[in-house]
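To be precise, the following lines are protein-v7.cif, and they hold mmCIF, C-alpha atoms.
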```cif
data_protein
#
loop_
_atom_site.label_atom_id
_atom_site.label_comp_id
_atom_site.auth_asym_id
_atom_site.auth_seq_id
_atom_site.Cartn_x
_atom_site.Cartn_y
_atom_site.Cartn_z
CA MET A 637 49.04 -37.16 63.61
CA SER A 638 50.80 -33.83 63.96
CA ALA A 639 53.95 -33.30 61.94
CA ASN A 640 55.65 -32.42 65.24
CA ASP A 641 55.00 -35.84 66.75
CA LYS A 642 57.85 -38.15 67.57
CA VAL A 643 57.38 -41.91 67.33
CA ALA A 644 59.65 -44.46 69.00
CA VAL A 645 60.16 -47.57 66.84
CA GLY A 646 61.98 -50.70 67.91
CA LEU A 647 63.96 -53.09 65.70
CA VAL A 648 64.49 -56.70 66.80
CA GLN A 649 67.57 -58.22 65.17
CA MET A 650 67.58 -61.95 65.84
CA LYS A 651 69.21 -65.26 65.00
CA CYS A 652 66.75 -67.91 63.88
CA GLU A 653 67.00 -71.68 64.10
CA PRO A 654 65.88 -73.05 60.73
CA GLY A 655 62.51 -74.75 61.01
CA ASN A 656 62.21 -74.43 64.79
CA LYS A 657 59.14 -72.25 65.27
CA ALA A 658 58.95 -72.71 69.03
CA ALA A 659 62.56 -71.63 69.60
CA ASN A 660 62.33 -68.71 67.19
CA LEU A 661 59.12 -67.33 68.67
CA GLU A 662 60.53 -67.72 72.17
CA ARG A 663 63.62 -65.78 71.08
CA ALA A 664 61.48 -63.09 69.49
CA GLU A 665 59.44 -62.79 72.69
CA HIS A 666 62.58 -62.39 74.80
CA LEU A 667 63.93 -59.60 72.56
CA LEU A 668 60.56 -57.88 72.20
CA ALA A 669 60.25 -57.76 75.99
CA GLU A 670 63.32 -55.51 76.05
CA LEU A 671 61.26 -52.88 74.22
CA ALA A 672 58.31 -52.82 76.62
CA GLY A 673 57.44 -49.27 77.66
CA ARG A 674 59.93 -47.82 75.19
CA VAL A 675 58.30 -47.98 71.74
CA ARG A 676 55.02 -47.55 69.91
CA ILE A 677 55.88 -50.08 67.19
CA ALA A 678 58.33 -53.01 67.12
CA CYS A 679 59.62 -54.59 63.89
CA LEU A 680 60.87 -58.15 63.34
CA PRO A 681 62.83 -59.68 60.42
CA GLU A 682 61.72 -61.62 57.35
CA MET A 683 60.40 -65.17 57.93
CA LEU A 684 61.15 -64.86 61.64
CA GLU A 685 59.35 -68.04 62.68
CA VAL A 686 61.17 -70.53 60.40
CA GLY A 687 64.37 -68.70 59.42
CA TYR A 688 65.48 -67.98 55.87
CA ASP A 689 67.51 -71.11 55.09
CA LEU A 690 65.52 -71.89 51.94
CA GLY A 691 67.99 -74.47 50.68
CA GLY A 692 68.13 -76.29 54.01
CA LEU A 693 64.39 -76.16 54.62
CA GLY A 694 63.48 -77.26 51.12
CA ALA A 695 60.13 -79.01 50.84
CA ALA A 696 59.65 -78.77 54.63
CA LEU A 697 58.84 -75.10 54.14
CA PHE A 698 55.49 -76.08 52.64
CA GLU A 699 54.61 -77.96 55.83
CA LEU A 700 55.91 -75.22 58.14
CA ALA A 701 53.98 -72.38 56.50
CA GLU A 702 50.73 -71.25 58.14
CA PRO A 703 47.67 -69.27 57.14
CA VAL A 704 47.19 -65.76 58.50
CA PRO A 705 45.56 -65.63 60.99
CA GLY A 706 47.25 -68.74 62.35
CA PRO A 707 49.33 -69.93 65.31
CA THR A 708 52.29 -67.62 64.64
CA SER A 709 50.21 -64.49 64.09
CA ASP A 710 48.15 -65.41 67.15
CA ARG A 711 51.32 -65.68 69.25
CA LEU A 712 52.54 -62.29 68.03
CA ALA A 713 49.08 -60.80 68.70
CA LEU A 714 49.28 -62.04 72.28
CA LEU A 715 52.70 -60.40 72.64
CA ALA A 716 51.39 -57.11 71.24
CA ARG A 717 48.64 -57.08 73.88
CA LYS A 718 50.98 -58.15 76.66
CA LEU A 719 53.76 -55.67 75.83
CA GLY A 720 51.53 -52.78 74.76
CA PHE A 721 52.90 -51.95 71.33
CA ALA A 722 52.17 -52.68 67.68
CA ILE A 723 54.21 -55.35 65.88
CA VAL A 724 55.37 -55.68 62.27
CA GLY A 725 57.02 -58.97 61.32
CA GLY A 726 57.79 -61.30 58.46
CA VAL A 727 56.10 -64.72 58.35
CA THR A 728 55.77 -67.60 55.90
CA GLU A 729 52.14 -67.57 54.80
CA ARG A 730 50.20 -70.49 53.35
CA ASP A 731 47.19 -69.70 51.20
CA PRO A 732 44.11 -70.89 53.13
CA ASP A 733 42.43 -72.26 50.01
CA VAL A 734 45.10 -73.36 47.51
CA ALA A 735 47.40 -76.20 48.58
CA ASP A 736 51.17 -75.51 48.44
CA LEU A 737 50.70 -71.84 47.56
CA LEU A 738 52.99 -69.77 49.77
CA TYR A 739 53.76 -66.09 50.25
CA ASP A 740 56.68 -64.31 51.87
CA THR A 741 54.51 -62.03 54.00
CA ALA A 742 54.77 -59.23 56.54
CA ILE A 743 51.91 -58.81 59.00
CA LEU A 744 50.93 -55.76 61.03
CA LEU A 745 49.27 -56.09 64.43
CA ASP A 746 48.09 -53.19 66.56
CA ARG A 747 48.72 -52.93 70.29
CA GLU A 748 45.44 -54.73 70.96
CA GLY A 749 46.64 -57.67 68.88
CA GLU A 750 44.24 -56.99 66.01
CA LEU A 751 45.48 -57.84 62.52
CA VAL A 752 45.67 -54.49 60.70
CA GLY A 753 46.84 -56.02 57.43
CA ARG A 754 49.45 -57.99 55.54
CA TYR A 755 51.85 -57.36 52.69
CA ARG A 756 52.90 -60.19 50.38
CA LYS A 757 56.35 -59.70 48.87
CA SER A 758 55.75 -58.64 45.28
CA HIS A 759 59.35 -58.65 43.91
CA LEU A 760 60.86 -62.07 44.64
CA TYR A 761 64.57 -62.83 44.75
CA PRO A 762 65.40 -65.45 42.05
CA THR A 763 65.74 -68.39 44.47
CA GLU A 764 62.38 -67.56 46.08
CA HIS A 765 60.37 -68.41 42.97
CA ALA A 766 60.72 -72.12 43.80
CA PHE A 767 58.68 -71.53 46.96
CA PHE A 768 56.60 -68.37 46.78
CA ARG A 769 54.04 -66.65 44.64
CA PRO A 770 54.53 -62.86 44.40
CA GLY A 771 51.98 -60.51 45.87
CA SER A 772 50.20 -58.01 43.66
CA GLU A 773 49.68 -54.88 45.78
CA LEU A 774 51.69 -52.09 47.43
CA PRO A 775 49.41 -51.10 50.32
CA VAL A 776 49.93 -48.42 52.95
CA PHE A 777 48.65 -49.13 56.46
CA GLU A 778 47.58 -47.02 59.42
CA LEU A 779 49.34 -48.42 62.48
CA ALA A 780 49.75 -46.75 65.88
CA GLY A 781 48.90 -43.39 64.33
CA LEU A 782 51.54 -43.73 61.62
CA ARG A 783 51.21 -44.44 57.89
CA ILE A 784 53.46 -47.40 57.09
CA GLY A 785 54.51 -49.21 53.93
CA ILE A 786 56.39 -52.50 53.67
CA ALA A 787 59.15 -53.62 51.31
CA ILE A 788 60.71 -57.02 52.06
CA CYS A 789 64.48 -57.59 51.82
CA PHE A 790 65.48 -57.67 48.09
CA GLU A 791 62.79 -55.10 47.42
CA HIS A 792 65.11 -52.39 48.73
CA ALA A 793 66.65 -52.66 45.24
CA PHE A 794 63.53 -51.13 43.66
CA PRO A 795 63.27 -47.35 44.19
CA GLN A 796 59.87 -47.41 42.48
CA ILE A 797 58.35 -49.34 45.39
CA PHE A 798 59.44 -46.75 47.93
CA THR A 799 58.36 -43.80 45.79
CA THR A 800 54.95 -45.40 45.26
CA LEU A 801 54.53 -45.95 49.00
CA ALA A 802 55.68 -42.41 49.79
CA ARG A 803 53.26 -40.96 47.23
CA ARG A 804 50.51 -42.94 48.94
CA GLY A 805 51.34 -41.27 52.22
CA ALA A 806 53.81 -43.60 53.96
CA ALA A 807 56.00 -41.81 56.49
CA LEU A 808 57.86 -45.02 57.33
CA VAL A 809 58.74 -48.02 55.17
CA VAL A 810 59.73 -51.13 57.11
CA ASN A 811 62.11 -53.51 55.35
CA PRO A 812 62.08 -56.95 57.09
CA SER A 813 65.17 -58.67 55.72
CA ALA A 814 67.51 -61.65 55.58
CA VAL A 815 70.65 -60.01 54.20
CA PRO A 816 73.74 -62.25 54.31
CA VAL A 817 77.35 -61.35 54.91
CA GLY A 818 78.77 -59.99 51.66
CA PHE A 819 75.64 -57.99 50.84
CA GLY A 820 75.59 -55.67 53.84
CA HIS A 821 76.89 -52.77 51.78
CA LEU A 822 73.67 -52.93 49.75
CA GLN A 823 71.52 -52.79 52.87
CA ASP A 824 73.54 -49.83 54.19
CA LEU A 825 73.43 -47.90 50.93
CA ARG A 826 69.86 -48.62 49.93
CA THR A 827 68.30 -47.98 53.34
CA ARG A 828 69.77 -44.49 53.36
CA ALA A 829 69.13 -43.86 49.66
CA ARG A 830 65.47 -44.93 49.73
CA ALA A 831 64.90 -42.72 52.78
CA GLN A 832 66.56 -39.65 51.28
CA ASP A 833 65.10 -40.19 47.80
CA ASN A 834 61.58 -40.05 49.20
CA GLN A 835 62.12 -37.92 52.31
CA ILE A 836 60.73 -40.61 54.61
CA PHE A 837 62.02 -42.94 57.32
CA VAL A 838 63.18 -46.42 56.35
CA ALA A 839 63.75 -49.20 58.90
CA ALA A 840 65.70 -52.28 57.77
CA VAL A 841 65.45 -55.13 60.31
CA ASN A 842 67.70 -58.08 59.60
CA HIS A 843 68.67 -61.58 60.71
CA VAL A 844 72.07 -62.05 62.34
CA GLY A 845 74.42 -65.00 62.87
CA LYS A 846 74.57 -68.34 61.09
CA GLU A 847 71.46 -70.17 59.96
CA GLY A 848 72.23 -73.38 58.11
CA THR A 849 75.02 -72.58 55.66
CA VAL A 850 74.43 -68.81 55.56
CA THR A 851 75.64 -66.11 57.96
CA TYR A 852 73.60 -62.91 58.11
CA CYS A 853 75.17 -59.48 58.45
CA GLY A 854 72.93 -57.88 61.08
CA ARG A 855 73.30 -54.08 60.97
CA SER A 856 69.56 -53.44 61.34
CA GLN A 857 69.11 -49.70 60.96
CA VAL A 858 66.84 -46.71 60.59
CA ALA A 859 67.55 -43.86 58.19
CA ASP A 860 65.81 -40.50 58.34
CA PRO A 861 64.50 -38.30 55.48
CA ARG A 862 67.97 -36.72 55.14
CA GLY A 863 69.51 -40.14 54.56
CA GLU A 864 71.22 -40.08 57.95
CA LEU A 865 71.28 -43.10 60.27
CA VAL A 866 69.43 -42.57 63.54
CA ALA A 867 69.90 -46.13 64.86
CA LEU A 868 72.22 -49.02 64.02
CA ALA A 869 72.48 -52.55 65.45
CA PRO A 870 75.74 -54.52 65.60
CA ASP A 871 76.84 -56.79 62.77
CA ALA A 872 77.35 -59.98 64.79
CA ALA A 873 74.96 -60.01 67.75
CA GLU A 874 71.26 -60.04 68.49
CA ALA A 875 69.84 -56.70 69.58
CA ALA A 876 66.67 -54.78 70.30
CA ILE A 877 67.33 -51.15 69.36
CA VAL A 878 65.16 -48.04 69.47
CA ALA A 879 64.94 -45.16 67.00
CA GLU A 880 62.95 -42.00 67.62
CA LEU A 881 61.33 -40.80 64.41
CA ASP A 882 60.92 -37.03 64.37
CA LEU A 883 58.17 -36.68 61.77
CA ALA A 884 58.76 -32.92 61.49
CA ILE A 885 61.88 -33.73 59.47
CA ILE A 886 59.70 -35.01 56.62
CA ARG A 887 57.98 -31.66 56.27
CA GLN A 888 61.27 -29.77 56.67
CA GLN A 889 62.98 -31.76 53.93
CA ARG A 890 60.05 -31.48 51.54
CA LYS A 891 59.97 -27.70 51.99
CA GLN A 892 63.71 -27.44 51.48
CA GLU A 893 63.78 -29.67 48.40
CA PRO A 894 60.25 -30.15 47.02
CA THR A 895 60.92 -33.22 44.90
CA PHE A 896 57.38 -34.54 45.12
CA ARG A 897 55.98 -31.29 43.78
CA ALA A 898 58.40 -31.55 40.84
CA LEU A 899 57.73 -35.25 40.19
CA ARG A 900 56.51 -35.99 36.62
CA PRO A 901 55.45 -39.66 36.61
CA GLU A 902 53.80 -39.31 33.21
CA LEU A 903 57.27 -38.76 31.69
CA TYR A 904 58.94 -41.87 33.07
CA ASP A 905 58.88 -44.84 30.72
CA MET A 906 59.28 -48.05 32.73
#
```
Could you express the structure from this file as structure tokens?
Amino acid sequence: MSANDKVAVGLVQMKCEPGNKAANLERAEHLLAELAGRVRIACLPEMLEVGYDLGGLGAALFELAEPVPGPTSDRLALLARKLGFAIVGGVTERDPDVADLLYDTAILLDREGELVGRYRKSHLYPTEHAFFRPGSELPVFELAGLRIGIAICFEHAFPQIFTTLARRGAALVVNPSAVPVGFGHLQDLRTRARAQDNQIFVAAVNHVGKEGTVTYCGRSQVADPRGELVALAPDAAEAAIVAELDLAIIRQQRKQEPTFRALRPELYDM
């Protein structure tokens, strides 16, 4: 891909009904359809098919989770083929071999519906340890001609993840999230900071509205390599928004302030 290319990316901010896969996937389909003909890649939130009401779902989450590939990924693959764009979205993955072993996962499907890869959340929020096993890799994927990394929700708190992905060539990091009201300032700050720190694009795509006892803050957004917002969804309504990523800005920013050339990882004691 040329550094002068521009890539249109869509963010689907949605309200989920806890545990109701059919309703949630139908809602996702309706919102994704708004992006047809407008984007190369569309991004969906964390655990889009079951919602993120961990306390309300409880043990039912182990029954709701699916392997990948599975019915939910197959449904999203069908939508990718039908709508003509790649899809990134968060799902609740069951290990195909080990009973009751779950992952908080993001999957990537190309426009033909082929599974390009998956990322299993590697830095779990404290309450997630009762349900999920952490992943053990920070992969970068080739999707729709773009190099993409994934960091899920709470992982926006770890600059090291984003720097690692950027050093591995990611031009965009997608952050499927379930950020509640009261924590929106962290999403706003960290999305912009992680983008500017690493001179990449960061797309945070969030839940919105009330799910169980929790209300989510919306404000799905894309920040550019300067740390400036190029797209922002509302804080209290579903939305399908589009951001145009001008990849030339990455090169411009890295020429202007060559932080990656000055990086000294051997000096940093973690």
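If only C-alpha atoms are the atoms counted, then among A:Asn660, A:Gln823, A:Ser856, A:Gln835 the closest residue to Arg803 in chain A is A:Gln835.
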*asked:* With only C-alpha atoms as the counted atoms, please give the residues lying no more than 7 Å from Leu808 in chain A, apart from itself and same-chain residues fewer than 3 positions off, as a PyMOL selection string.
replied: chain A and resi 783-785+836-838
How about saving the chosen residues, C-alpha atoms kept, as a compact mmCIF listing (two decimals), keeping the file's coordinate frame?
```
# COMPACT_ATOMS: atom_id res chain seq x y z
CA ARG A 783 51.21 -44.44 57.89
CA ILE A 784 53.46 -47.40 57.09
CA GLY A 785 54.51 -49.21 53.93
CA ILE A 836 60.73 -40.61 54.61
CA PHE A 837 62.02 -42.94 57.32
CA VAL A 838 63.18 -46.42 56.35
```
Check your understanding: Quick one: which residues end up in the PyMOL selection byres ((chain A and resi 689) around 8) for this structure, as a list in words?
Key ->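 In the shown coordinates, the PyMOL selection byres ((chain A and resi 689) around 8) covers Pro654, Gly687, Tyr688, Leu690, Gly691, Gly692, Leu693, Glu847, Gly848, Thr849 and Val850 of chain A.
One finds CA of Leu715 in chain A at 25.7 Å from CA of Val815 in chain A.
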Closest of A:Arg663, A:Arg769, A:Arg730, A:His792 to Ala829 in chain A, counting all atoms listed in the file, is A:His792
